[in-house]
file run-v8.json (JSON, C-alpha atoms)
[["chain", "number", "residue", "atom", "x", "y", "z"],
["H", 216, "MET", "CA", -5.39, -40.33, -11.23],
["H", 217, "ARG", "CA", -9.15, -40.39, -11.44],
["H", 218, "THR", "CA", -11.17, -37.25, -10.81],
["H", 219, "GLN", "CA", -12.79, -38.76, -7.71],
["H", 220, "ASP", "CA", -9.38, -39.63, -6.26],
["H", 221, "LYS", "CA", -8.10, -36.08, -6.95],
["H", 222, "THR", "CA", -11.12, -34.63, -5.15],
["H", 223, "GLN", "CA", -10.52, -36.84, -2.10],
["H", 224, "VAL", "CA", -6.84, -35.91, -2.00],
["H", 225, "LYS", "CA", -7.73, -32.20, -2.24],
["H", 226, "ARG", "CA", -10.21, -32.50, 0.65],
["H", 227, "MET", "CA", -7.64, -34.27, 2.82],
["H", 228, "THR", "CA", -5.02, -31.63, 2.00],
["H", 229, "ASP", "CA", -7.46, -28.80, 2.77],
["H", 230, "ARG", "CA", -8.28, -30.38, 6.16],
["H", 231, "GLU", "CA", -4.59, -30.63, 7.01],
["H", 232, "HIS", "CA", -4.17, -26.87, 6.46],
["H", 233, "GLN", "CA", -7.21, -25.80, 8.46],
["H", 234, "MET", "CA", -6.70, -24.48, 11.96],
["H", 235, "ASP", "CA", -8.87, -25.64, 14.80],
["H", 236, "PRO", "CA", -11.32, -22.80, 15.59],
["H", 237, "GLU", "CA", -10.67, -23.13, 19.33],
["H", 238, "ALA", "CA", -6.91, -22.93, 18.81],
["H", 239, "MET", "CA", -7.36, -19.88, 16.58],
["H", 240, "LYS", "CA", -9.55, -18.23, 19.24],
["H", 241, "GLU", "CA", -6.89, -18.80, 21.91],
["H", 242, "MET", "CA", -4.17, -17.43, 19.64],
["H", 243, "LEU", "CA", -6.18, -14.28, 18.84],
["H", 244, "GLU", "CA", -6.96, -13.74, 22.52],
["H", 245, "ALA", "CA", -3.25, -13.99, 23.36],
["H", 246, "PHE", "CA", -2.41, -11.47, 20.63],
["H", 247, "SER", "CA", -5.12, -9.08, 21.78],
["H", 248, "GLU", "CA", -3.66, -9.14, 25.29],
["H", 249, "LYS", "CA", 0.01, -8.78, 24.32],
["H", 250, "ILE", "CA", -0.02, -6.42, 21.33],
["H", 251, "PRO", "CA", -1.33, -3.31, 23.18],
["H", 252, "THR", "CA", 1.40, -3.73, 25.82],
["H", 253, "ILE", "CA", 4.08, -4.09, 23.16],
["H", 254, "LEU", "CA", 2.82, -1.06, 21.22],
["H", 255, "ASN", "CA", 2.59, 1.08, 24.36],
["H", 256, "GLY", "CA", 6.16, 0.15, 25.29],
["H", 257, "LEU", "CA", 7.41, 0.95, 21.79],
["H", 258, "THR", "CA", 5.57, 4.27, 21.71],
["H", 259, "ASN", "CA", 6.96, 5.21, 25.11],
["H", 260, "ALA", "CA", 10.50, 4.26, 24.05],
["H", 261, "ILE", "CA", 10.26, 6.42, 20.92],
["H", 262, "TYR", "CA", 8.15, 9.36, 22.12],
["H", 263, "GLY", "CA", 8.41, 9.24, 25.93],
["H", 264, "LYS", "CA", 9.69, 12.08, 28.09],
["H", 265, "ASP", "CA", 13.20, 10.65, 28.52],
["H", 266, "ALA", "CA", 13.62, 9.72, 24.86],
["H", 267, "SER", "CA", 12.41, 13.15, 23.77],
["H", 268, "ALA", "CA", 14.83, 14.90, 26.12],
["H", 269, "LYS", "CA", 17.76, 12.86, 24.79],
["H", 270, "PHE", "CA", 16.67, 13.51, 21.21],
["H", 271, "GLY", "CA", 16.46, 17.26, 21.83],
["H", 272, "ALA", "CA", 19.86, 17.34, 23.54],
["H", 273, "ALA", "CA", 21.48, 15.38, 20.69],
["H", 274, "VAL", "CA", 20.01, 17.73, 18.08],
["H", 275, "ALA", "CA", 21.06, 20.84, 20.02],
["H", 276, "ASP", "CA", 24.60, 19.50, 20.44],
["H", 277, "PHE", "CA", 24.77, 18.70, 16.74],
["H", 278, "TYR", "CA", 23.65, 22.22, 15.76],
["H", 279, "LYS", "CA", 26.03, 23.81, 18.24],
["H", 280, "THR", "CA", 28.97, 21.81, 16.86],
["H", 281, "LEU", "CA", 28.12, 22.86, 13.31],
["H", 282, "LYS", "CA", 27.92, 26.53, 14.29],
["H", 283, "GLU", "CA", 31.20, 26.32, 16.23],
["H", 284, "SER", "CA", 32.87, 24.85, 13.15],
["H", 285, "GLY", "CA", 32.02, 28.02, 11.21],
["H", 286, "MET", "CA", 28.86, 27.10, 9.30],
["H", 287, "THR", "CA", 26.22, 29.70, 8.55],
["H", 288, "ASP", "CA", 22.86, 29.50, 10.31],
["H", 289, "GLU", "CA", 21.24, 28.22, 7.11],
["H", 290, "GLN", "CA", 23.85, 25.50, 6.53],
["H", 291, "ALA", "CA", 23.69, 24.34, 10.14],
["H", 292, "PHE", "CA", 19.89, 24.37, 10.06],
["H", 293, "ARG", "CA", 19.70, 22.24, 6.90],
["H", 294, "LEU", "CA", 22.19, 19.67, 8.18],
["H", 295, "THR", "CA", 20.42, 19.58, 11.52],
["H", 296, "GLU", "CA", 17.11, 18.87, 9.78],
["H", 297, "GLN", "CA", 18.74, 15.94, 7.99],
["H", 298, "TYR", "CA", 20.26, 14.75, 11.25],
["H", 299, "MET", "CA", 16.88, 14.90, 12.97],
["H", 300, "SER", "CA", 15.30, 12.88, 10.16],
["H", 301, "SER", "CA", 17.95, 10.20, 10.51],
["H", 302, "LEU", "CA", 17.21, 9.89, 14.25],
["H", 303, "ASN", "CA", 13.43, 9.84, 13.91],
["H", 304, "ILE", "CA", 12.75, 6.10, 14.19],
["H", 305, "GLY", "CA", 8.99, 6.57, 14.35],
["H", 306, "GLY", "CA", 9.05, 8.57, 11.12],
["H", 307, "MET", "CA", 11.25, 6.00, 9.40],
["H", 308, "ILE", "CA", 8.84, 3.22, 10.39],
["H", 309, "ALA", "CA", 5.86, 5.23, 9.17],
["H", 310, "ASN", "CA", 7.60, 5.94, 5.86],
["H", 311, "ALA", "CA", 8.55, 2.29, 5.40],
["H", 312, "VAL", "CA", 5.02, 1.12, 6.12],
["H", 313, "GLY", "CA", 3.52, 3.84, 3.94],
["H", 314, "LYS", "CA", 5.77, 2.97, 0.99],
["H", 315, "GLY", "CA", 4.82, -0.68, 1.30],
["H", 316, "HIS", "CA", 1.12, 0.10, 0.92],
["H", 317, "LYS", "CA", 1.21, 2.74, -1.85],
["H", 318, "GLY", "CA", 0.93, 0.24, -4.69],
["H", 319, "GLU", "CA", -1.97, -1.64, -3.09],
["H", 320, "ASP", "CA", -4.69, 0.91, -3.85]]
call {"tool": "encode", "arguments": {"input": "run-v8.json", "output": "structure tokens"}}
result
Amino acid sequence: MRTQDKTQVKRMTDREHQMDPEAMKEMLEAFSEKIPTILNGLTNAIYGKDASAKFGAAVADFYKTLKESGMTDEQAFRLTEQYMSSLNIGGMIANAVGKGHKGED
């Protein structure tokens, strides 16, 4: 294929992959309206009053069960810390996102 033909094909291909600026503007406006609502809902589900109360009750019940089974305070405390970490969805997300970006510096 001649160089001129290759250049024309490349230009046509580039045009096919370009997004219409008006369409991109509409898409970004839609995202800017929806994303804050989604993030607020997620934050409320993870850290809201009801979720926090359930989390605290689950942790307390877990600790109480460990103590009733005969574990020392230290053993029950350590296992409860691990249990809390496994239930902390926000922390798991933050860790996953943080690990994904460590090598990008």
call {"tool": "residues_around", "arguments": {"input": "run-v8.json", "residues": "Gly271 of chain H", "least_positions_apart": "6", "cutoff": "12 Å", "atoms": "only C-alpha atoms", "output": "list in words"}}
result
Tyr262, Lys264, Asp265, Phe277, Tyr278, Thr295, Tyr298, Met299, Leu302 and Asn303 of chain H
call {"tool": "atom_distance", "arguments": {"input": "run-v8.json", "atom1": "atom CA of Lys282 of chain H", "atom2": "atom CA of Leu294 of chain H"}}
result
10.8 Å
call {"tool": "atom_distance", "arguments": {"input": "run-v8.json", "atom1": "atom CA of Leu281 of chain H", "atom2": "atom CA of Glu296 of chain H"}}
result
12.2 Å
call {"tool": "atom_distance", "arguments": {"input": "run-v8.json", "atom1": "atom CA of Met234 of chain H", "atom2": "atom CA of Ile250 of chain H"}}
result
21.4 Å
call {"tool": "closest_residue", "arguments": {"input": "run-v8.json", "among": "H:Val274, H:Ile304, H:Ala309, H:Asp235", "to": "Ala291 of chain H", "atoms": "only C-alpha atoms"}}
result
H:Val274
